[in-house]
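Engineer: Below is the file target_8.tsv, which contains TSV, C-alpha atoms.
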```
chain	number	residue	atom	x	y	z
A	726	MET	CA	31.75	-13.02	28.63
A	727	SER	CA	34.92	-11.40	29.80
A	728	ALA	CA	38.58	-12.10	29.43
A	729	SER	CA	41.28	-10.58	31.53
A	730	MET	CA	44.82	-10.18	30.44
A	731	GLU	CA	46.99	-11.34	33.22
A	732	SER	CA	50.15	-10.99	31.28
A	733	ALA	CA	51.53	-7.45	31.53
A	734	ASP	CA	53.29	-7.49	28.14
A	735	SER	CA	50.30	-8.78	26.17
A	736	ALA	CA	48.99	-6.35	23.48
A	737	ASP	CA	46.07	-8.40	22.12
A	738	PRO	CA	42.88	-6.31	21.75
A	739	ASN	CA	39.97	-7.53	23.79
A	740	LEU	CA	37.45	-8.64	21.14
A	741	VAL	CA	34.83	-10.00	23.49
A	742	PRO	CA	32.77	-6.77	23.93
A	743	LEU	CA	32.85	-6.30	20.17
A	744	LEU	CA	31.58	-9.83	19.71
A	745	ASP	CA	28.80	-9.17	22.21
A	746	VAL	CA	27.61	-6.13	20.28
A	747	VAL	CA	27.77	-7.93	16.95
A	748	LEU	CA	25.75	-10.85	18.29
A	749	GLN	CA	23.12	-8.47	19.63
A	750	LEU	CA	22.88	-6.77	16.26
A	751	ILE	CA	22.50	-10.17	14.58
A	752	MET	CA	19.72	-11.05	16.99
A	753	PHE	CA	17.92	-7.80	16.17
A	754	PHE	CA	18.11	-8.32	12.44
A	755	MET	CA	17.12	-11.97	12.72
A	756	ILE	CA	14.00	-11.05	14.67
A	757	THR	CA	12.99	-8.22	12.35
A	758	VAL	CA	13.94	-9.88	9.09
A	759	ASN	CA	11.15	-10.06	6.56
A	760	PHE	CA	11.78	-12.51	3.77
A	761	VAL	CA	9.61	-11.53	0.85
A	762	ARG	CA	9.47	-12.43	-2.78
A	763	VAL	CA	10.87	-9.92	-5.23
A	764	ASP	CA	7.57	-9.75	-7.13
A	765	GLN	CA	5.75	-8.70	-3.96
A	766	PHE	CA	7.91	-5.76	-3.02
A	767	ASP	CA	9.65	-3.83	-5.71
A	768	ASP	CA	11.98	-1.17	-4.36
A	769	ALA	CA	11.80	0.71	-7.65
A	770	ILE	CA	8.23	1.67	-6.82
A	771	SER	CA	7.89	4.80	-4.76
A	772	LEU	CA	4.60	4.64	-2.90
A	773	PRO	CA	2.56	7.79	-2.18
A	774	VAL	CA	2.19	9.00	1.39
A	775	ALA	CA	-1.14	8.81	3.21
A	776	GLN	CA	-1.00	9.39	6.95
A	777	ALA	CA	-4.55	8.13	7.38
A	778	ALA	CA	-3.70	4.65	6.08
A	779	VAL	CA	-4.01	1.78	8.53
A	780	PRO	CA	-1.21	-0.64	9.46
A	781	LEU	CA	-0.88	-3.81	7.41
A	782	ASP	CA	-3.13	-6.67	8.42
A	783	LYS	CA	-2.63	-10.29	7.48
A	784	THR	CA	-6.11	-11.69	7.87
A	785	ALA	CA	-6.60	-12.77	4.29
A	786	GLU	CA	-5.99	-16.35	3.17
A	787	GLU	CA	-4.32	-15.47	-0.10
A	788	TRP	CA	-2.70	-12.40	-1.61
A	789	ILE	CA	-2.04	-11.25	-5.12
A	790	PHE	CA	0.55	-8.53	-5.43
A	791	LEU	CA	0.44	-6.11	-8.34
A	792	ASN	CA	3.19	-3.54	-8.71
A	793	LEU	CA	2.52	-0.57	-10.99
A	794	ASP	CA	5.57	1.51	-11.90
A	795	THR	CA	5.88	5.22	-12.57
A	796	ASN	CA	4.96	4.73	-16.26
A	797	GLY	CA	1.83	2.78	-15.39
A	798	LYS	CA	3.24	-0.60	-16.35
A	799	LEU	CA	2.95	-3.73	-14.30
A	800	VAL	CA	6.33	-4.98	-13.09
A	801	GLY	CA	7.48	-8.27	-11.63
A	802	ASN	CA	5.97	-11.50	-12.90
A	803	LEU	CA	3.12	-9.62	-14.61
A	804	SER	CA	5.35	-7.37	-16.71
A	805	SER	CA	4.32	-9.24	-19.86
A	806	PHE	CA	0.72	-8.03	-19.51
A	807	PRO	CA	0.39	-4.48	-20.87
A	808	LEU	CA	-2.63	-2.51	-19.68
A	809	ASP	CA	-3.65	-1.58	-23.23
A	810	THR	CA	-4.67	-5.22	-23.78
A	811	PRO	CA	-6.58	-5.84	-20.56
A	812	GLY	CA	-8.16	-9.05	-21.83
A	813	LYS	CA	-4.91	-10.97	-21.35
A	814	LEU	CA	-4.46	-9.61	-17.86
A	815	VAL	CA	-8.03	-10.47	-16.91
A	816	ALA	CA	-7.59	-14.03	-18.24
A	817	HIS	CA	-4.35	-14.42	-16.30
A	818	LEU	CA	-5.89	-13.09	-13.09
A	819	LYS	CA	-8.86	-15.43	-13.51
A	820	ARG	CA	-6.51	-18.42	-13.89
A	821	GLU	CA	-4.58	-17.29	-10.84
A	822	ASN	CA	-7.82	-17.02	-8.84
A	823	VAL	CA	-8.84	-20.55	-9.85
A	824	ASP	CA	-5.38	-21.92	-8.97
A	825	LEU	CA	-5.40	-20.23	-5.58
A	826	LEU	CA	-8.87	-21.60	-4.85
A	827	ARG	CA	-7.86	-25.14	-5.85
A	828	VAL	CA	-4.78	-25.05	-3.60
A	829	TRP	CA	-6.86	-23.58	-0.77
A	830	GLN	CA	-9.50	-26.32	-1.12
A	831	GLN	CA	-6.79	-28.99	-0.97
A	832	LYS	CA	-5.44	-27.46	2.24
A	833	ASN	CA	-8.89	-26.86	3.78
A	834	PRO	CA	-11.10	-29.75	2.62
A	835	GLY	CA	-14.03	-29.16	4.97
A	836	ARG	CA	-14.36	-25.38	4.68
A	837	ASN	CA	-16.80	-23.39	2.62
A	838	PRO	CA	-14.89	-21.33	0.01
A	839	ASP	CA	-17.75	-18.86	-0.47
A	840	ARG	CA	-17.51	-17.87	3.18
A	841	ASP	CA	-13.91	-18.58	4.17
A	842	PHE	CA	-11.76	-18.12	1.10
A	843	LYS	CA	-10.47	-14.57	1.18
A	844	VAL	CA	-8.17	-13.43	-1.56
A	845	VAL	CA	-6.99	-9.85	-1.55
A	846	VAL	CA	-5.45	-7.97	-4.45
A	847	VAL	CA	-2.66	-5.75	-3.16
A	848	LEU	CA	-1.97	-2.87	-5.51
A	849	ARG	CA	1.35	-1.12	-5.00
A	850	ALA	CA	1.10	1.82	-7.38
A	851	ASP	CA	3.90	4.32	-7.84
A	852	LYS	CA	3.06	7.83	-6.69
A	853	ASN	CA	3.69	9.22	-10.18
A	854	CYS	CA	1.47	6.84	-12.12
A	855	ARG	CA	-1.90	8.10	-13.29
A	856	TYR	CA	-5.26	7.64	-11.63
A	857	ALA	CA	-6.61	6.06	-14.84
A	858	GLN	CA	-3.83	3.46	-14.80
A	859	VAL	CA	-4.64	2.53	-11.23
A	860	TRP	CA	-8.25	2.08	-12.26
A	861	GLU	CA	-7.36	0.02	-15.33
A	862	VAL	CA	-5.71	-2.49	-13.02
A	863	LEU	CA	-8.62	-2.42	-10.56
A	864	ASP	CA	-11.07	-2.80	-13.42
A	865	SER	CA	-9.21	-5.89	-14.63
A	866	CYS	CA	-9.30	-7.33	-11.11
A	867	GLN	CA	-13.01	-6.64	-10.89
A	868	ARG	CA	-13.65	-8.39	-14.20
A	869	ALA	CA	-11.49	-11.32	-13.10
A	870	GLY	CA	-13.78	-11.86	-10.12
A	871	TYR	CA	-11.77	-10.36	-7.26
A	872	ARG	CA	-13.78	-8.54	-4.65
A	873	ARG	CA	-11.29	-7.19	-2.13
A	874	TRP	CA	-8.35	-4.95	-2.75
A	875	GLN	CA	-5.80	-2.97	-0.83
A	876	LEU	CA	-3.95	0.09	-1.96
A	877	ARG	CA	-0.51	0.22	-0.42
A	878	VAL	CA	0.88	3.57	0.72
A	879	MET	CA	3.56	4.86	3.05
A	880	THR	CA	2.26	6.10	6.37
A	881	ARG	CA	5.01	8.72	6.47
A	882	SER	CA	7.69	9.93	4.11
A	883	PRO	CA	10.70	7.61	4.01
A	884	VAL	CA	13.83	9.27	5.44
B	567	MET	CA	36.27	-24.68	20.03
B	568	ALA	CA	39.99	-24.39	19.53
B	569	ARG	CA	42.12	-23.04	22.30
B	570	LYS	CA	45.42	-21.24	22.13
B	571	LYS	CA	48.21	-21.94	24.59
B	572	ILE	CA	49.89	-18.87	25.97
B	573	THR	CA	52.81	-19.20	28.29
B	574	GLY	CA	52.39	-16.85	31.21
B	575	SER	CA	55.18	-14.85	32.86
B	576	GLY	CA	55.08	-17.15	35.85
B	577	GLY	CA	55.81	-20.14	33.64
B	578	GLY	CA	52.22	-21.50	33.69
B	579	VAL	CA	49.94	-22.01	30.70
B	580	ASN	CA	46.86	-19.84	29.98
B	581	LEU	CA	44.18	-21.25	27.76
B	582	THR	CA	42.17	-18.65	25.77
B	583	TYR	CA	39.53	-19.14	23.07
B	584	ILE	CA	40.43	-18.16	19.52
B	585	ILE	CA	37.44	-15.98	18.74
B	586	THR	CA	38.63	-14.47	15.46
B	587	PRO	CA	36.86	-17.01	13.18
B	588	PHE	CA	33.75	-16.65	15.31
B	589	LEU	CA	33.92	-12.89	14.87
B	590	ASP	CA	34.44	-13.26	11.11
B	591	MET	CA	31.35	-15.44	10.81
B	592	SER	CA	29.37	-13.01	12.96
B	593	PHE	CA	30.28	-10.11	10.70
B	594	GLN	CA	29.24	-12.08	7.65
B	595	LEU	CA	25.87	-12.85	9.22
B	596	LEU	CA	25.50	-9.22	10.25
B	597	SER	CA	26.25	-8.05	6.70
B	598	PHE	CA	23.66	-10.46	5.31
B	599	PHE	CA	20.91	-9.29	7.63
B	600	ILE	CA	21.70	-5.60	7.09
B	601	MET	CA	21.53	-6.07	3.33
B	602	THR	CA	18.26	-8.00	3.42
B	603	TYR	CA	16.61	-5.73	5.99
B	604	HIS	CA	13.31	-4.30	4.77
B	605	PRO	CA	11.66	-1.70	6.97
B	606	SER	CA	8.11	-2.67	6.03
B	607	ALA	CA	6.66	-1.07	9.15
B	608	LEU	CA	6.30	2.21	7.26
B	609	GLU	CA	3.89	0.67	4.81
B	610	GLY	CA	0.16	0.91	5.40
B	611	HIS	CA	-2.90	0.18	3.35
B	612	ILE	CA	-6.29	1.50	2.31
B	613	ASP	CA	-8.98	-1.15	1.98
B	614	GLY	CA	-11.44	-1.31	-0.86
B	615	LYS	CA	-14.12	-3.53	-2.29
B	616	LEU	CA	-14.97	-4.30	-5.88
B	617	VAL	CA	-18.49	-5.11	-6.93
B	618	PRO	CA	-19.26	-7.12	-10.07
B	619	PRO	CA	-20.52	-4.81	-12.86
B	620	THR	CA	-23.75	-6.85	-13.17
B	621	ASP	CA	-24.48	-6.35	-9.46
B	622	ILE	CA	-24.10	-2.60	-9.86
B	623	ALA	CA	-26.73	-2.63	-12.58
B	624	ILE	CA	-29.12	-4.90	-10.73
B	625	HIS	CA	-28.88	-3.31	-7.31
B	626	THR	CA	-28.89	0.34	-8.28
B	627	ASN	CA	-32.07	1.02	-6.35
B	628	LYS	CA	-31.10	-0.95	-3.25
B	629	PRO	CA	-29.49	0.85	-0.30
B	630	VAL	CA	-25.77	0.29	0.08
B	631	PRO	CA	-24.36	-0.43	3.56
B	632	MET	CA	-22.44	2.57	4.89
B	633	ASN	CA	-19.22	0.66	5.49
B	634	ASP	CA	-19.39	-1.36	2.33
B	635	LEU	CA	-19.29	1.25	-0.37
B	636	PRO	CA	-18.33	-0.17	-3.70
B	637	PRO	CA	-16.48	2.25	-5.95
B	638	ASP	CA	-18.88	2.22	-8.88
B	639	SER	CA	-22.21	2.16	-7.14
B	640	GLU	CA	-24.43	5.10	-6.34
B	641	PRO	CA	-24.87	5.33	-2.57
B	642	ASP	CA	-27.59	7.42	-1.01
B	643	ALA	CA	-27.07	10.69	-2.84
B	644	ALA	CA	-28.39	12.85	-0.01
B	645	GLU	CA	-25.55	11.79	2.26
B	646	THR	CA	-22.67	11.76	-0.14
B	647	LEU	CA	-20.30	14.57	-0.88
B	648	LEU	CA	-18.36	14.45	-4.10
B	649	VAL	CA	-14.76	15.65	-4.25
B	650	GLN	CA	-13.75	16.18	-7.85
B	651	ILE	CA	-10.10	16.65	-8.74
B	652	LYS	CA	-9.46	18.19	-12.13
B	653	SER	CA	-5.92	17.74	-13.38
B	654	VAL	CA	-3.59	19.40	-15.83
B	655	PRO	CA	-3.74	17.17	-18.93
B	656	LYS	CA	-0.75	15.04	-19.85
B	657	GLY	CA	2.04	16.99	-21.51
B	658	GLN	CA	0.55	20.41	-20.68
B	659	THR	CA	1.06	23.10	-18.07
B	660	GLU	CA	-1.41	25.56	-16.60
B	661	GLY	CA	0.30	28.54	-15.02
B	662	ASN	CA	2.78	27.10	-12.56
B	663	ARG	CA	1.00	23.74	-12.39
B	664	HIS	CA	2.47	20.88	-14.34
B	665	ASP	CA	1.32	17.74	-16.08
B	666	GLY	CA	-0.65	15.49	-13.71
B	667	GLU	CA	-1.02	18.05	-10.91
B	668	PRO	CA	-4.49	19.09	-9.72
B	669	SER	CA	-5.74	22.24	-11.42
B	670	ARG	CA	-8.99	22.47	-9.44
B	671	ILE	CA	-10.41	20.67	-6.43
B	672	LEU	CA	-14.19	20.87	-6.26
B	673	LEU	CA	-16.40	19.85	-3.37
B	674	LYS	CA	-19.95	19.17	-4.52
B	675	ASP	CA	-23.09	18.46	-2.60
B	676	PRO	CA	-25.41	16.47	-4.88
B	677	GLN	CA	-28.45	17.47	-2.84
B	678	GLU	CA	-27.87	21.16	-3.42
B	679	THR	CA	-26.34	20.60	-6.87
B	680	ARG	CA	-23.80	23.31	-6.39
B	681	THR	CA	-20.09	23.55	-5.95
B	682	ILE	CA	-19.19	24.28	-2.35
B	683	THR	CA	-15.47	24.78	-2.75
B	684	ASP	CA	-13.44	25.58	-5.79
B	685	SER	CA	-9.69	25.76	-5.37
B	686	SER	CA	-8.74	26.92	-8.84
B	687	ASP	CA	-6.90	29.92	-7.41
B	688	GLY	CA	-3.82	29.70	-5.22
B	689	THR	CA	-1.46	26.80	-4.72
B	690	LEU	CA	-2.25	23.14	-4.19
B	691	GLU	CA	-1.63	23.55	-0.47
B	692	ASP	CA	-4.15	26.41	-0.40
B	693	GLY	CA	-6.69	24.23	-2.18
B	694	LEU	CA	-6.21	21.33	0.22
B	695	LYS	CA	-6.48	23.68	3.20
B	696	LYS	CA	-9.68	25.17	1.77
B	697	LEU	CA	-11.13	21.68	1.31
B	698	GLU	CA	-10.16	20.67	4.84
B	699	ASN	CA	-11.71	23.81	6.34
B	700	GLU	CA	-14.96	23.30	4.44
B	701	LEU	CA	-15.20	19.61	5.42
B	702	LYS	CA	-14.53	20.38	9.08
B	703	HIS	CA	-16.96	23.29	8.99
B	704	ARG	CA	-19.74	21.02	7.70
B	705	LEU	CA	-19.18	18.57	10.55
B	706	LYS	CA	-19.37	21.33	13.18
B	707	GLN	CA	-22.76	22.60	12.01
B	708	PRO	CA	-25.72	21.72	14.31
B	709	GLY	CA	-27.40	18.50	13.26
B	710	ALA	CA	-24.55	17.63	10.93
B	711	ILE	CA	-24.23	14.00	9.89
B	712	LYS	CA	-21.04	12.31	8.84
B	713	SER	CA	-21.53	12.08	5.10
B	714	ASN	CA	-19.89	9.62	2.79
B	715	ILE	CA	-17.30	11.07	0.48
B	716	LYS	CA	-16.64	10.01	-3.08
B	717	ILE	CA	-13.34	11.03	-4.64
B	718	GLU	CA	-13.38	11.35	-8.38
B	719	GLY	CA	-10.15	12.21	-10.17
B	720	ASP	CA	-9.34	12.91	-13.77
B	721	GLY	CA	-7.59	10.07	-15.57
B	722	ASP	CA	-4.38	12.07	-16.01
B	723	LEU	CA	-4.13	12.94	-12.34
B	724	LYS	CA	-1.07	11.55	-10.57
B	725	HIS	CA	-1.83	8.92	-7.96
B	726	MET	CA	-0.05	10.79	-5.15
B	727	TYR	CA	-2.49	13.72	-5.35
B	728	VAL	CA	-5.49	11.39	-5.01
B	729	MET	CA	-3.88	10.08	-1.83
B	730	ARG	CA	-3.34	13.61	-0.54
B	731	VAL	CA	-7.00	14.44	-1.03
B	732	TYR	CA	-7.93	11.12	0.62
B	733	ASP	CA	-5.73	12.10	3.56
B	734	VAL	CA	-7.42	15.47	3.91
B	735	CYS	CA	-10.89	13.90	3.85
B	736	LYS	CA	-9.96	11.20	6.35
B	737	LEU	CA	-8.17	13.55	8.73
B	738	SER	CA	-11.14	15.94	8.59
B	739	GLY	CA	-13.20	13.28	10.35
B	740	TYR	CA	-14.96	11.40	7.54
B	741	ALA	CA	-14.80	7.63	7.78
B	742	ASN	CA	-16.50	6.34	4.65
B	743	ILE	CA	-14.49	7.40	1.66
B	744	SER	CA	-14.73	5.68	-1.69
B	745	PHE	CA	-12.99	6.16	-5.01
B	746	VAL	CA	-14.78	6.63	-8.28
B	747	ALA	CA	-13.33	5.41	-11.56
B	748	PRO	CA	-12.48	8.03	-14.17
B	749	LYS	CA	-15.41	8.44	-16.53
B	750	PHE	CA	-13.89	6.80	-19.58
B	751	ILE	CA	-13.12	3.55	-17.77
B	752	ARG	CA	-16.40	3.19	-15.93
B	753	PRO	CA	-17.84	-0.25	-16.74
B	754	LYS	CA	-21.04	-0.34	-18.74
B	755	THR	CA	-24.07	-1.28	-16.72
B	756	ASP	CA	-26.46	-2.07	-19.55
```
Show me the file's structure as C-alpha cells.
Structural biologist:
Amino acid sequence: MSASMESADSADPNLVPLLDVVLQLIMFFMITVNFVRVDQFDDAISLPVAQAAVPLDKTAEEWIFLNLDTNGKLVGNLSSFPLDTPGKLVAHLKRENVDLLRVWQQKNPGRNPDRDFKVVVVLRADKNCRYAQVWEVLDSCQRAGYRRWQLRVMTRSPV
Amino acid sequence: MARKKITGSGGGVNLTYIITPFLDMSFQLLSFFIMTYHPSALEGHIDGKLVPPTDIAIHTNKPVPMNDLPPDSEPDAAETLLVQIKSVPKGQTEGNRHDGEPSRILLKDPQETRTITDSSDGTLEDGLKKLENELKHRLKQPGAIKSNIKIEGDGDLKHMYVMRVYDVCKLSGYANISFVAPKFIRPKTD
C-alpha cells in the first residue's frame, strides 16, 4: 500500500507504513499464539533449568497437568488436595483417569485402550520445592494407575 | 470502507481511505496478542515411567530393559552407578551451604561397593565438576560400557539441584538416567 500526497500544503502523516508494520506484528503473534488453560501453565511456578531436556512432544492422547509451587503445594484446580492426605489426591486422580478413558473410548470406539490410550502426567514442579514433595506427587500418580510422566523444565534460563 | 473527500489545489477531488479506525483496531489486536503471548518454546521435558508397586515386587529378579528403567526397580546392579545427593536439612545451614542445598554428592559403584567421588569439600560447582570429570573418565577407559545412572536425593533437597545433577550426568554422555524415590516414601513391596 502507498499513498502519495499530491497537495503541497497537506500535513497529514502517512500512516500506511505504520499500518503495514502493525499488521505484520499481528500476523506474527497470531501464528505463534498458544492458547492454554490457566491450570496447565502457571506463571507463578519457576521451573528448574536442565539443558539436557528434550523439546516438548505431543504424541500422547491425553494429558494431566500438575503444578507444584515453591512450598510443595499443588496449585490450579488441584489446590484443594494437600499432599499430607495423599488418599484424596489418589482417589481424584483415579476418577480423572477413568473419565479420560471413557471420553477417549467414546471418541475412538474401535481402538484398543490397553495399546492405544496414552495418558501422560505432566509435573511442573517449582525449582525450590523439595525432592520429597515431587516424589509424593509421583507416588500418588503411581498409585492412581498412571504409568507415564513428564517432568517439565526450562531448557535455558529465562531472560 | 469510508472515503474522505479532499479538494485538491487544482479544484479536483481526491478520494483517500480513512485508515484511523483500522489502525485503532489493529493496535487493539496487537495489544491482545502481546499480552497473551507465551514463549513456551523454552520449555522442555524429561520423560519417566512409573511401575505399579506390585510389579516391582513380582519382577525383582527379571531383567529390566535398558531404556525402560522404572524409578523404583533394581536394574542390573553391575551396570548401574548410583549418584547420591545429600542435602542440608530443612531449616539448617552447614558452613556456607543453606537449607535444601547439596552438602555432599557421592558417586557409588555398587559392584565395587565404594564411593568413587565425594564432593563434601569445596563449592557446589566444584562438586558438580568433580562428578562430571569422574563420569567422563569412566567412559574413556578401555572396554568401558555406558552404565545406567540412578540419582537418589535426600527428601529435603531442592528440586533444582536434582536437575543440575541430572544435567551433568546426561551431558557427560550417559543416556539411561533414572530417579530414585527418597527412602521414606519408597512404596512397600511386601
Engineer: Report as a list in words the set of chain B residues whose atoms approach chain A to within 6 Å, with distances computed over only C-alpha atoms.
Structural biologist: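 Selected residues: Leu596, Phe599, Tyr603, Leu608, Glu609, Gly610, His611, Ile612, Asp613, Gly614, Lys615, Leu616, Gly721, Asp722, Leu723, Lys724, His725, Met726, Met729 and Asp733 of chain B.
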Engineer: Choose the residue, out of A:Ala736, A:Leu825, A:Ser805, A:Thr810, that has the smallest atom-to-atom separation from A:Pro838; count all atoms listed in the file.
Structural biologist: A:Leu825
Engineer: Would you place a box with edges along x, y and z of the file around all atoms of stretch 742-746 of chain B listed there, add 6 Å to each of its six sides, and report the centre and edge lengths in Å to one decimal, as JSON?
Structural biologist:
```
{"center_x": -14.7, "center_y": 6.5, "center_z": -1.8, "size_x": 15.5, "size_y": 13.7, "size_z": 24.9}
```
Engineer: For a test of reading the model, state the distance in Å between atom CA of A:Asn739 and atom CA of B:Phe588, rounded to one decimal.
Structural biologist: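 Pair atom CA of A:Asn739 / atom CA of B:Phe588 returns 13.9 Å.
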Engineer: Report, in Å with one decimal, the straight-line distance from atom CA of A:Ile756 to atom CA of B:Met601.
Structural biologist: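 That distance, rounded to one decimal, is 14.5 Å.
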Engineer: Please measure the separation of atom CA of B:Leu648 and atom CA of B:Leu737, giving the value in Å to one decimal.
Structural biologist: 16.4 Å
